[in-house]
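What follows is the content of entry09.pdb (PDB, C-alpha atoms).
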ATOM      1  CA  MET A  17     -32.336 128.964  -6.409
ATOM      2  CA  HIS A  18     -29.713 130.188  -8.839
ATOM      3  CA  GLY A  19     -30.424 133.098 -11.172
ATOM      4  CA  ILE A  20     -32.729 134.867  -8.705
ATOM      5  CA  ALA A  21     -31.276 138.075  -7.325
ATOM      6  CA  MET A  22     -31.317 138.979  -3.658
ATOM      7  CA  LEU A  23     -33.471 141.944  -2.689
ATOM      8  CA  THR A  24     -31.777 145.343  -2.473
ATOM      9  CA  LYS A  25     -30.841 146.693   0.940
ATOM     10  CA  GLU A  26     -33.419 149.477   0.699
ATOM     11  CA  LEU A  27     -36.265 147.146  -0.100
ATOM     12  CA  VAL A  28     -35.303 144.793   2.698
ATOM     13  CA  ALA A  29     -35.187 147.693   5.157
ATOM     14  CA  ALA A  30     -38.585 149.007   4.082
ATOM     15  CA  SER A  31     -40.283 145.626   4.259
ATOM     16  CA  THR A  32     -38.904 144.423   7.592
ATOM     17  CA  GLU A  33     -41.614 145.941   9.805
ATOM     18  CA  PRO A  34     -44.632 144.845   7.737
ATOM     19  CA  LEU A  35     -43.153 141.365   7.369
ATOM     20  CA  ILE A  36     -42.569 141.004  11.103
ATOM     21  CA  LEU A  37     -46.084 142.275  11.807
ATOM     22  CA  SER A  38     -47.546 139.845   9.286
ATOM     23  CA  LEU A  39     -45.583 136.882  10.632
ATOM     24  CA  LEU A  40     -46.598 137.676  14.200
ATOM     25  CA  SER A  41     -50.245 138.061  13.206
ATOM     26  CA  GLU A  42     -50.196 134.297  12.723
ATOM     27  CA  GLY A  43     -49.121 133.730  16.299
ATOM     28  CA  GLU A  44     -46.249 134.417  18.673
ATOM     29  CA  SER A  45     -42.735 133.699  17.523
ATOM     30  CA  TYR A  46     -39.080 134.418  18.276
ATOM     31  CA  GLY A  47     -36.242 136.097  16.394
ATOM     32  CA  TYR A  48     -34.545 133.035  14.972
ATOM     33  CA  ALA A  49     -37.810 131.500  13.759
ATOM     34  CA  LEU A  50     -38.878 134.794  12.128
ATOM     35  CA  ILE A  51     -35.618 134.986  10.209
ATOM     36  CA  GLN A  52     -35.895 131.375   9.052
ATOM     37  CA  GLU A  53     -39.533 131.744   8.098
ATOM     38  CA  VAL A  54     -38.930 134.818   5.957
ATOM     39  CA  LYS A  55     -35.977 133.116   4.310
ATOM     40  CA  ARG A  56     -38.128 130.100   3.478
ATOM     41  CA  LEU A  57     -41.140 132.076   2.230
ATOM     42  CA  SER A  58     -39.005 134.302   0.016
ATOM     43  CA  GLY A  59     -37.168 131.399  -1.556
ATOM     44  CA  GLU A  60     -34.017 132.602   0.202
ATOM     45  CA  ARG A  61     -34.136 135.981  -1.500
ATOM     46  CA  ILE A  62     -34.658 137.805   1.785
ATOM     47  CA  GLU A  63     -31.968 137.028   4.284
ATOM     48  CA  TRP A  64     -32.333 139.235   7.316
ATOM     49  CA  THR A  65     -29.167 139.701   9.244
ATOM     50  CA  ASP A  66     -29.577 138.924  12.896
ATOM     51  CA  GLY A  67     -27.963 142.211  13.796
ATOM     52  CA  MET A  68     -30.744 144.040  12.011
ATOM     53  CA  VAL A  69     -33.801 142.113  13.151
ATOM     54  CA  TYR A  70     -33.311 142.374  16.920
ATOM     55  CA  PRO A  71     -32.949 146.153  17.081
ATOM     56  CA  VAL A  72     -36.083 146.447  14.928
ATOM     57  CA  LEU A  73     -37.990 144.039  17.175
ATOM     58  CA  HIS A  74     -36.944 146.026  20.231
ATOM     59  CA  ARG A  75     -38.062 149.280  18.697
ATOM     60  CA  MET A  76     -41.411 147.785  17.694
ATOM     61  CA  GLU A  77     -41.778 146.636  21.281
ATOM     62  CA  ARG A  78     -41.116 150.148  22.580
ATOM     63  CA  GLU A  79     -43.637 151.530  20.088
ATOM     64  CA  GLY A  80     -46.190 149.266  21.695
ATOM     65  CA  TRP A  81     -46.847 147.206  18.567
ATOM     66  CA  ILE A  82     -45.611 143.934  19.990
ATOM     67  CA  GLU A  83     -44.858 142.585  23.420
ATOM     68  CA  ALA A  84     -42.132 140.237  24.481
ATOM     69  CA  ARG A  85     -41.978 137.518  27.080
ATOM     70  CA  TRP A  86     -39.293 135.104  28.092
ATOM     71  CA  GLY A  87     -40.432 131.548  27.752
ATOM     72  CA  GLU A  88     -38.956 128.106  27.649
ATOM     73  CA  ALA A  89     -38.183 126.342  24.380
ATOM     74  CA  GLU A  90     -38.826 122.624  23.785
ATOM     75  CA  ASN A  91     -35.187 121.928  24.571
ATOM     76  CA  GLY A  92     -35.418 123.663  27.938
ATOM     77  CA  ARG A  93     -33.468 126.749  26.974
ATOM     78  CA  LYS A  94     -34.971 130.160  27.545
ATOM     79  CA  ARG A  95     -36.222 132.042  24.556
ATOM     80  CA  LYS A  96     -37.741 135.472  23.964
ATOM     81  CA  TYR A  97     -41.130 135.272  22.281
ATOM     82  CA  TYR A  98     -42.881 138.172  20.600
ATOM     83  CA  LEU A  99     -46.620 138.677  20.416
ATOM     84  CA  LEU A 100     -48.660 141.099  18.319
ATOM     85  CA  LYS A 101     -50.604 143.723  20.294
ATOM     86  CA  LYS A 102     -53.697 145.678  19.319
ATOM     87  CA  GLU A 103     -51.624 148.679  18.230
ATOM     88  CA  GLY A 104     -49.567 146.322  16.105
ATOM     89  CA  ARG A 105     -52.667 145.036  14.337
ATOM     90  CA  LYS A 106     -53.591 148.608  13.542
ATOM     91  CA  ALA A 107     -50.097 149.273  12.195
ATOM     92  CA  LEU A 108     -50.309 146.096  10.123
ATOM     93  CA  LYS A 109     -53.602 147.197   8.611
ATOM     94  CA  GLU A 110     -52.073 150.528   7.564
ATOM     95  CA  GLN A 111     -49.016 148.834   6.140
ATOM     96  CA  ARG A 112     -51.161 146.368   4.197
ATOM     97  CA  GLU A 113     -53.080 149.210   2.610
ATOM     98  CA  GLN A 114     -49.860 150.910   1.554
ATOM     99  CA  TRP A 115     -48.192 147.814   0.169
ATOM    100  CA  GLY A 116     -51.480 146.848  -1.453
ATOM    101  CA  ALA A 117     -51.555 150.169  -3.295
ATOM    102  CA  VAL A 118     -48.032 149.646  -4.622
ATOM    103  CA  SER A 119     -48.764 146.088  -5.586
ATOM    104  CA  GLU A 120     -51.958 147.102  -7.362
ATOM    105  CA  VAL A 121     -50.069 149.615  -9.507
ATOM    106  CA  PHE A 122     -47.527 146.973 -10.446
ATOM    107  CA  ARG A 123     -50.278 144.551 -11.252
ATOM    108  CA  GLN A 124     -51.832 147.026 -13.663
ATOM    109  CA  LEU A 125     -48.533 147.971 -15.248
ATOM    110  CA  TRP A 126     -47.043 144.514 -15.467
ATOM    111  CA  GLY A 127     -50.119 142.342 -15.380
ATOM    112  CA  ASN A 128     -50.241 141.754 -19.076
ATOM    113  CA  GLN A 129     -46.559 141.091 -19.405
ATOM    114  CA  TYR A 130     -46.384 138.431 -16.757
ATOM    115  CA  VAL A 131     -46.510 134.853 -17.812
TER
ATOM    116  CA  MET B  15     -11.498 120.256  23.095
ATOM    117  CA  PHE B  16     -14.027 122.908  22.057
ATOM    118  CA  ASP B  17     -16.269 124.138  24.864
ATOM    119  CA  LEU B  18     -19.400 125.839  23.533
ATOM    120  CA  ASP B  19     -20.354 127.530  26.810
ATOM    121  CA  GLU B  20     -16.852 128.929  27.171
ATOM    122  CA  ALA B  21     -16.886 130.146  23.570
ATOM    123  CA  ILE B  22     -20.240 131.848  24.070
ATOM    124  CA  SER B  23     -19.053 133.548  27.270
ATOM    125  CA  GLU B  24     -16.053 134.838  25.365
ATOM    126  CA  TRP B  25     -18.351 136.117  22.599
ATOM    127  CA  ARG B  26     -20.530 137.874  25.195
ATOM    128  CA  ARG B  27     -17.429 139.563  26.613
ATOM    129  CA  ARG B  28     -16.504 140.849  23.152
ATOM    130  CA  MET B  29     -20.034 142.227  22.642
ATOM    131  CA  LEU B  30     -19.968 143.928  26.035
ATOM    132  CA  ALA B  31     -16.611 145.473  25.216
ATOM    133  CA  ALA B  32     -18.084 146.854  21.990
ATOM    134  CA  GLY B  33     -20.752 148.712  23.937
ATOM    135  CA  ILE B  34     -23.810 146.448  23.930
ATOM    136  CA  LYS B  35     -24.244 147.166  27.575
ATOM    137  CA  THR B  36     -27.620 145.854  28.614
ATOM    138  CA  PRO B  37     -27.922 142.137  29.242
ATOM    139  CA  VAL B  38     -31.333 141.803  27.577
ATOM    140  CA  PRO B  39     -30.229 141.974  23.943
ATOM    141  CA  LEU B  40     -27.261 139.770  24.782
ATOM    142  CA  ASP B  41     -29.448 137.066  26.341
ATOM    143  CA  GLU B  42     -31.641 137.167  23.300
ATOM    144  CA  LEU B  43     -28.718 137.101  20.889
ATOM    145  CA  GLU B  44     -27.239 134.181  22.792
ATOM    146  CA  SER B  45     -30.510 132.298  22.494
ATOM    147  CA  HIS B  46     -30.430 133.014  18.759
ATOM    148  CA  LEU B  47     -26.828 131.875  18.546
ATOM    149  CA  ARG B  48     -27.641 128.563  20.218
ATOM    150  CA  ASP B  49     -30.602 127.955  17.902
ATOM    151  CA  ASP B  50     -28.403 128.659  14.929
ATOM    152  CA  ILE B  51     -25.610 126.385  16.132
ATOM    153  CA  GLU B  52     -28.084 123.584  16.752
ATOM    154  CA  GLN B  53     -29.492 123.968  13.240
ATOM    155  CA  ARG B  54     -26.005 123.814  11.763
ATOM    156  CA  ARG B  55     -25.111 120.740  13.775
ATOM    157  CA  GLU B  56     -28.198 119.007  12.453
ATOM    158  CA  SER B  57     -26.990 119.726   8.949
ATOM    159  CA  GLY B  58     -23.695 118.029   9.731
ATOM    160  CA  LEU B  59     -21.279 120.656  11.033
ATOM    161  CA  SER B  60     -19.274 120.193  14.210
ATOM    162  CA  GLU B  61     -20.135 122.332  17.221
ATOM    163  CA  GLU B  62     -17.043 124.458  16.693
ATOM    164  CA  GLU B  63     -17.682 125.050  12.984
ATOM    165  CA  GLY B  64     -21.314 125.789  13.733
ATOM    166  CA  PHE B  65     -20.289 128.337  16.350
ATOM    167  CA  GLU B  66     -17.797 130.026  14.026
ATOM    168  CA  ARG B  67     -20.334 130.337  11.201
ATOM    169  CA  ALA B  68     -23.095 131.476  13.543
ATOM    170  CA  ILE B  69     -21.094 134.323  15.083
ATOM    171  CA  GLU B  70     -19.936 135.322  11.638
ATOM    172  CA  GLU B  71     -23.556 135.655  10.584
ATOM    173  CA  ILE B  72     -24.749 137.450  13.701
ATOM    174  CA  GLY B  73     -22.333 140.226  12.812
ATOM    175  CA  GLN B  74     -19.315 141.936  14.213
ATOM    176  CA  ALA B  75     -19.795 143.669  17.533
ATOM    177  CA  PRO B  76     -19.303 147.279  16.323
ATOM    178  CA  ALA B  77     -21.798 146.854  13.453
ATOM    179  CA  LEU B  78     -24.340 145.313  15.796
ATOM    180  CA  HIS B  79     -23.836 148.093  18.297
ATOM    181  CA  LYS B  80     -24.399 150.657  15.550
ATOM    182  CA  GLU B  81     -27.732 149.080  14.625
ATOM    183  CA  PHE B  82     -28.956 149.175  18.223
ATOM    184  CA  ALA B  83     -27.740 152.771  18.610
ATOM    185  CA  LYS B  84     -29.608 153.804  15.469
ATOM    186  CA  GLN B  85     -32.885 152.501  16.846
ATOM    187  CA  ARG B  86     -32.253 154.110  20.233
ATOM    188  CA  ALA B  87     -31.569 157.491  18.613
ATOM    189  CA  ARG B  88     -35.031 157.409  17.029
ATOM    190  CA  ASP B  89     -36.585 156.674  20.394
ATOM    191  CA  ARG B  90     -34.661 159.445  22.098
ATOM    192  CA  LEU B  91     -35.799 161.982  19.535
ATOM    193  CA  GLU B  92     -39.394 160.973  20.028
ATOM    194  CA  GLY B  93     -39.019 161.246  23.789
ATOM    195  CA  ARG B  94     -37.476 164.685  23.543
ATOM    196  CA  LEU B  95     -40.229 165.953  21.304
ATOM    197  CA  LYS B  96     -42.858 164.673  23.688
ATOM    198  CA  MET B  97     -41.045 166.430  26.493
ATOM    199  CA  CYS B  98     -41.055 169.667  24.453
ATOM    200  CA  SER B  99     -44.836 169.504  24.230
ATOM    201  CA  MET B 100     -45.189 168.793  27.908
ATOM    202  CA  ILE B 101     -42.919 171.670  28.921
ATOM    203  CA  TRP B 102     -44.794 174.117  26.718
ATOM    204  CA  VAL B 103     -48.168 173.022  27.950
ATOM    205  CA  GLY B 104     -46.937 173.196  31.536
ATOM    206  CA  LEU B 105     -45.562 176.700  31.122
ATOM    207  CA  PHE B 106     -48.728 177.815  29.406
ATOM    208  CA  VAL B 107     -50.954 176.575  32.180
ATOM    209  CA  MET B 108     -48.728 178.168  34.816
ATOM    210  CA  PHE B 109     -48.677 181.568  33.149
ATOM    211  CA  ALA B 110     -52.289 181.503  32.190
ATOM    212  CA  LEU B 111     -53.091 180.959  35.853
ATOM    213  CA  LEU B 112     -50.863 183.875  36.819
ATOM    214  CA  ALA B 113     -52.647 186.083  34.312
ATOM    215  CA  VAL B 114     -55.997 185.058  35.693
ATOM    216  CA  TYR B 115     -54.866 185.985  39.172
ATOM    217  CA  ASP B 116     -53.776 189.323  37.756
ATOM    218  CA  HIS B 117     -50.202 189.308  38.858
ATOM    219  CA  ASP B 118     -49.085 192.911  39.235
ATOM    220  CA  PRO B 119     -45.746 193.318  37.520
ATOM    221  CA  ARG B 120     -44.896 196.399  39.559
ATOM    222  CA  ASP B 121     -44.463 194.305  42.655
ATOM    223  CA  ASP B 122     -41.945 191.842  41.464
ATOM    224  CA  LYS B 123     -40.515 191.164  38.055
ATOM    225  CA  THR B 124     -38.927 187.802  38.818
ATOM    226  CA  ILE B 125     -41.697 185.887  37.100
ATOM    227  CA  GLU B 126     -41.534 188.027  33.983
ATOM    228  CA  TRP B 127     -37.808 187.468  33.657
ATOM    229  CA  LEU B 128     -38.307 183.782  34.216
ATOM    230  CA  VAL B 129     -40.776 183.686  31.335
ATOM    231  CA  VAL B 130     -38.404 185.451  28.983
ATOM    232  CA  ILE B 131     -35.443 183.253  29.858
ATOM    233  CA  CYS B 132     -37.462 180.010  29.753
ATOM    234  CA  THR B 133     -38.932 180.949  26.418
ATOM    235  CA  PHE B 134     -35.611 181.768  24.811
ATOM    236  CA  ILE B 135     -34.069 178.530  26.060
ATOM    237  CA  GLY B 136     -37.192 176.660  24.997
ATOM    238  CA  VAL B 137     -37.312 178.123  21.498
ATOM    239  CA  ILE B 138     -33.614 177.433  20.886
ATOM    240  CA  TRP B 139     -33.803 173.874  22.222
ATOM    241  CA  ASP B 140     -37.029 173.223  20.377
ATOM    242  CA  CYS B 141     -35.612 174.433  17.068
ATOM    243  CA  LYS B 142     -32.622 172.166  17.503
ATOM    244  CA  GLN B 143     -34.889 169.138  17.986
ATOM    245  CA  LEU B 144     -37.074 170.234  15.121
ATOM    246  CA  ARG B 145     -34.106 170.406  12.772
ATOM    247  CA  THR B 146     -33.097 166.822  13.573
ATOM    248  CA  ALA B 147     -36.699 165.720  13.333
ATOM    249  CA  ALA B 148     -37.275 167.471  10.034
ATOM    250  CA  LEU B 149     -34.307 165.641   8.551
ATOM    251  CA  GLN B 150     -35.729 162.275   9.590
ATOM    252  CA  SER B 151     -39.426 162.301   8.893
ATOM    253  CA  PRO B 152     -40.737 165.839   8.400
ATOM    254  CA  LEU B 153     -44.465 165.271   8.278
ATOM    255  CA  ARG B 154     -44.777 163.212  11.411
ATOM    256  CA  TRP B 155     -42.556 165.377  13.572
ATOM    257  CA  ALA B 156     -43.615 168.761  12.321
ATOM    258  CA  SER B 157     -47.269 168.094  12.977
ATOM    259  CA  HIS B 158     -46.268 166.850  16.401
ATOM    260  CA  CYS B 159     -44.488 170.152  17.097
ATOM    261  CA  ALA B 160     -46.775 172.620  15.353
ATOM    262  CA  PHE B 161     -49.066 172.550  18.305
ATOM    263  CA  ASP B 162     -46.248 173.380  20.757
ATOM    264  CA  SER B 163     -45.367 176.520  18.873
ATOM    265  CA  LEU B 164     -48.945 177.627  18.823
ATOM    266  CA  ILE B 165     -49.124 177.325  22.583
ATOM    267  CA  VAL B 166     -45.846 179.199  23.036
ATOM    268  CA  SER B 167     -47.105 182.048  20.914
ATOM    269  CA  MET B 168     -50.350 182.254  22.818
ATOM    270  CA  MET B 169     -48.481 182.187  26.090
ATOM    271  CA  LEU B 170     -46.195 185.004  25.044
ATOM    272  CA  MET B 171     -49.016 187.084  23.685
ATOM    273  CA  LEU B 172     -50.633 186.828  27.077
ATOM    274  CA  PHE B 173     -47.500 188.016  28.748
ATOM    275  CA  TYR B 174     -46.749 190.669  26.226
ATOM    276  CA  MET B 175     -50.127 192.139  26.913
ATOM    277  CA  GLN B 176     -49.418 192.041  30.596
ATOM    278  CA  SER B 177     -46.007 193.573  30.224
ATOM    279  CA  LEU B 178     -47.521 196.547  28.423
ATOM    280  CA  ARG B 179     -48.696 197.605  31.805
ATOM    281  CA  HIS B 180     -45.291 198.345  33.132
ATOM    282  CA  HIS B 181     -42.596 200.708  32.131
ATOM    283  CA  ASP B 182     -39.478 198.645  31.838
ATOM    284  CA  ARG B 183     -38.760 199.112  28.150
ATOM    285  CA  PHE B 184     -36.021 196.525  28.062
ATOM    286  CA  LEU B 185     -38.322 193.874  29.479
ATOM    287  CA  ARG B 186     -41.031 194.835  27.018
ATOM    288  CA  ALA B 187     -38.571 194.558  24.133
ATOM    289  CA  CYS B 188     -37.509 191.106  25.337
ATOM    290  CA  PHE B 189     -41.112 189.961  25.421
ATOM    291  CA  LEU B 190     -41.654 191.262  21.939
ATOM    292  CA  ILE B 191     -38.563 189.513  20.551
ATOM    293  CA  ALA B 192     -39.467 186.229  22.258
ATOM    294  CA  PHE B 193     -42.972 186.526  20.886
ATOM    295  CA  LEU B 194     -41.722 187.118  17.340
ATOM    296  CA  ALA B 195     -39.239 184.238  17.634
ATOM    297  CA  SER B 196     -41.963 181.830  18.620
ATOM    298  CA  ILE B 197     -44.206 183.069  15.804
ATOM    299  CA  VAL B 198     -41.384 182.472  13.321
ATOM    300  CA  ALA B 199     -40.897 178.973  14.749
ATOM    301  CA  THR B 200     -44.607 178.277  14.340
ATOM    302  CA  ILE B 201     -44.642 179.478  10.750
ATOM    303  CA  ALA B 202     -41.537 177.389  10.002
ATOM    304  CA  ARG B 203     -43.264 174.309  11.354
ATOM    305  CA  PHE B 204     -46.414 174.830   9.374
ATOM    306  CA  MET B 205     -44.291 175.322   6.272
ATOM    307  CA  ILE B 206     -42.545 172.011   6.908
ATOM    308  CA  VAL B 207     -45.890 170.289   7.428
ATOM    309  CA  TYR B 208     -47.314 171.864   4.299
ATOM    310  CA  GLY B 209     -44.178 171.100   2.269
ATOM    311  CA  SER B 210     -44.219 167.433   3.272
ATOM    312  CA  TYR B 211     -47.949 167.224   2.750
ATOM    313  CA  SER B 212     -47.822 168.597  -0.781
ATOM    314  CA  ALA B 213     -44.781 166.459  -1.569
ATOM    315  CA  ALA B 214     -46.678 163.408  -0.359
ATOM    316  CA  ARG B 215     -49.697 164.395  -2.422
ATOM    317  CA  LYS B 216     -47.584 164.983  -5.499
ATOM    318  CA  SER B 217     -45.957 161.583  -5.161
ATOM    319  CA  ARG B 218     -49.400 160.043  -4.787
ATOM    320  CA  GLY B 219     -50.203 161.593  -8.146
TER
END

Let me see the structure of the file written as structure tokens.
Amino acid sequence: MHGIAMLTKELVAASTEPLILSLLSEGESYGYALIQEVKRLSGERIEWTDGMVYPVLHRMEREGWIEARWGEAENGRKRKYYLLKKEGRKALKEQREQWGAVSEVFRQLWGNQYV
Amino acid sequence: MFDLDEAISEWRRRMLAAGIKTPVPLDELESHLRDDIEQRRESGLSEEEGFERAIEEIGQAPALHKEFAKQRARDRLEGRLKMCSMIWVGLFVMFALLAVYDHDPRDDKTIEWLVVICTFIGVIWDCKQLRTAALQSPLRWASHCAFDSLIVSMMLMLFYMQSLRHHDRFLRACFLIAFLASIVATIARFMIVYGSYSAARKSRG
């Protein structure tokens, strides 16, 4: 993946919540898996630091967007799973509209120039 | 011989020392750490190397603590603002009830003084919160608070009208000043809301 720049700090910070919401809308997951999944989907251009993701997850939990439960992993260790709540789906819908608007503008501006 | 459990306990002690007090994030971070170490072992690293790289990635304790503190500060602000609203509504209901029961200020002025003092403390405290809030996300917070100010003003108007009935000029002046202060606070809030709203509209084009 050489030659492809990492995302700026600001963009990573702004996209963390909608990405977490989107990932969780596909089913419950846990911190480590979320980080790995985003890394894979972005072609390693988004590397969330662990120290950033957990505080965000905890805040989203307090906002009532997601709920957490301790469960047991396949290897028998305990693991904290996160699940999207109804409020979270609402927040995701709003976020999708906003990101969709930005993406639509880019599409119109850059559409013709893209190969 | 490297002992992973021992190493993780030592890491937990360092995190605790740095101020990550509650066990919940630590349990979760430990679970993350173990997942990460396992992944690294599968890709060929020894347990010790895996541990070293994993804790390097999870971040230094002070930085991690700062991130958690940042999120908590946002929560605290929200909580305080909610409390502001509740206090104002509570005071309003209490004083409105007193007005309905036609409390005669000639009997006892304790309640009147209580109103004045509470309102001054409230307005000062409220403005302090509002300033912090306005710096963070003006639109959301200001609209949240605008309603509090409105209630405060109504409450004071009620009491100002009542205080007109008695002759203590100093008390009447205090009521008037408190009333004006809360009006100014209300106007300030609406200006913040309007400012953010028009800024948002401008940026939308």

Write out, as CSV, each residue of chain A that has an atom at most 8 Å from chain B, together with the closest pair of atoms and their distance in Å to one decimal, counting all atoms listed in the file, rows going by chain and rising number.
residue,atom,partner,partner_atom,distance
A:Gly47,CA,B:His46,CA,7.0
A:Tyr48,CA,B:His46,CA,5.6
A:Thr65,CA,B:Ile72,CA,6.7
A:Asp66,CA,B:Ile72,CA,5.1
A:Gly67,CA,B:Leu78,CA,5.2
A:Met68,CA,B:Glu81,CA,6.4
A:Tyr70,CA,B:Pro39,CA,7.7
A:Pro71,CA,B:Phe82,CA,5.1
A:Val72,CA,B:Gln85,CA,7.1
A:Arg75,CA,B:Gln85,CA,6.4
A:Arg93,CA,B:Ser45,CA,7.7
A:Lys94,CA,B:Ser45,CA,7.1
A:Arg95,CA,B:Ser45,CA,6.1
A:Lys96,CA,B:Glu42,CA,6.4

Item to check | Explicit residues for the PyMOL selection byres ((chain A and resi 99) around 8) (as a ChimeraX atom specification) | outcome: /A:40,43-45,82-84,97-98,100-101

Next on the checklist: Going by the chain IDs and residue numbers used in this file, which residues fall under the PyMOL selection byres ((chain A and resi 111-125) around 10)? Write them as JSON, numbers by chain.
Outcome noted: {"A": [31, 33, 34, 35, 37, 38, 105, 106, 107, 108, 109, 110, 126, 127, 128, 129, 130]}

Item to check | Coordinates-based distance that separates atom CA of B:Ala199 from atom CA of B:Leu185 (Å, one decimal) | outcome: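 One can read the atom CA of B:Leu185 to atom CA of B:Ala199 distance as 21.1 Å.
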
Next on the checklist: Can you measure atom CA of B:Gly58 to atom CA of A:Met22 for me? One decimal in Å is fine.
Outcome noted: 26.0 Å

Item to check | Atom pair atom CA of B:Leu128 / atom CA of B:Met205: separation (Å) | outcome: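 Going from atom CA of B:Leu128 over to atom CA of B:Met205 covers 29.8 Å.
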
Checklist entry - Exactly which residues make up the result of the PyMOL selection byres ((chain B and resi 62) around 10) on this file, given as number ranges by chain? => result B: 15-18, 21, 51, 55, 59-61, 63-68

Please save C-alpha atoms of the selected residues as a PDB file, in the frame of the given file.
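The resulting file, result_32.pdb, is shown below:
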ATOM      1  CA  MET B  15     -11.498 120.256  23.095  1.00  0.00           C
ATOM      2  CA  PHE B  16     -14.027 122.908  22.057  1.00  0.00           C
ATOM      3  CA  ASP B  17     -16.269 124.138  24.864  1.00  0.00           C
ATOM      4  CA  LEU B  18     -19.400 125.839  23.533  1.00  0.00           C
ATOM      5  CA  ALA B  21     -16.886 130.146  23.570  1.00  0.00           C
ATOM      6  CA  ILE B  51     -25.610 126.385  16.132  1.00  0.00           C
ATOM      7  CA  ARG B  55     -25.111 120.740  13.775  1.00  0.00           C
ATOM      8  CA  LEU B  59     -21.279 120.656  11.033  1.00  0.00           C
ATOM      9  CA  SER B  60     -19.274 120.193  14.210  1.00  0.00           C
ATOM     10  CA  GLU B  61     -20.135 122.332  17.221  1.00  0.00           C
ATOM     11  CA  GLU B  63     -17.682 125.050  12.984  1.00  0.00           C
ATOM     12  CA  GLY B  64     -21.314 125.789  13.733  1.00  0.00           C
ATOM     13  CA  PHE B  65     -20.289 128.337  16.350  1.00  0.00           C
ATOM     14  CA  GLU B  66     -17.797 130.026  14.026  1.00  0.00           C
ATOM     15  CA  ARG B  67     -20.334 130.337  11.201  1.00  0.00           C
ATOM     16  CA  ALA B  68     -23.095 131.476  13.543  1.00  0.00           C
TER      17      ALA B  68
END

Item to check | Shell of 12 Å around A:Ala21, all atoms listed in the file, local chain residues under 4 positions omitted, as a list in words | outcome: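 What passes the distance filter is Met17, Lys25, Ser58, Gly59, Glu60, Arg61, Ile62 and Glu63 of chain A.
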
Checklist entry - Can you list, as number ranges by chain, every protein, DNA or RNA residue that comes within 9 Å of B:Leu164 when you count only C-alpha atoms, leaving out same-chain residues fewer than 6 positions away? => result B: 196-197, 200
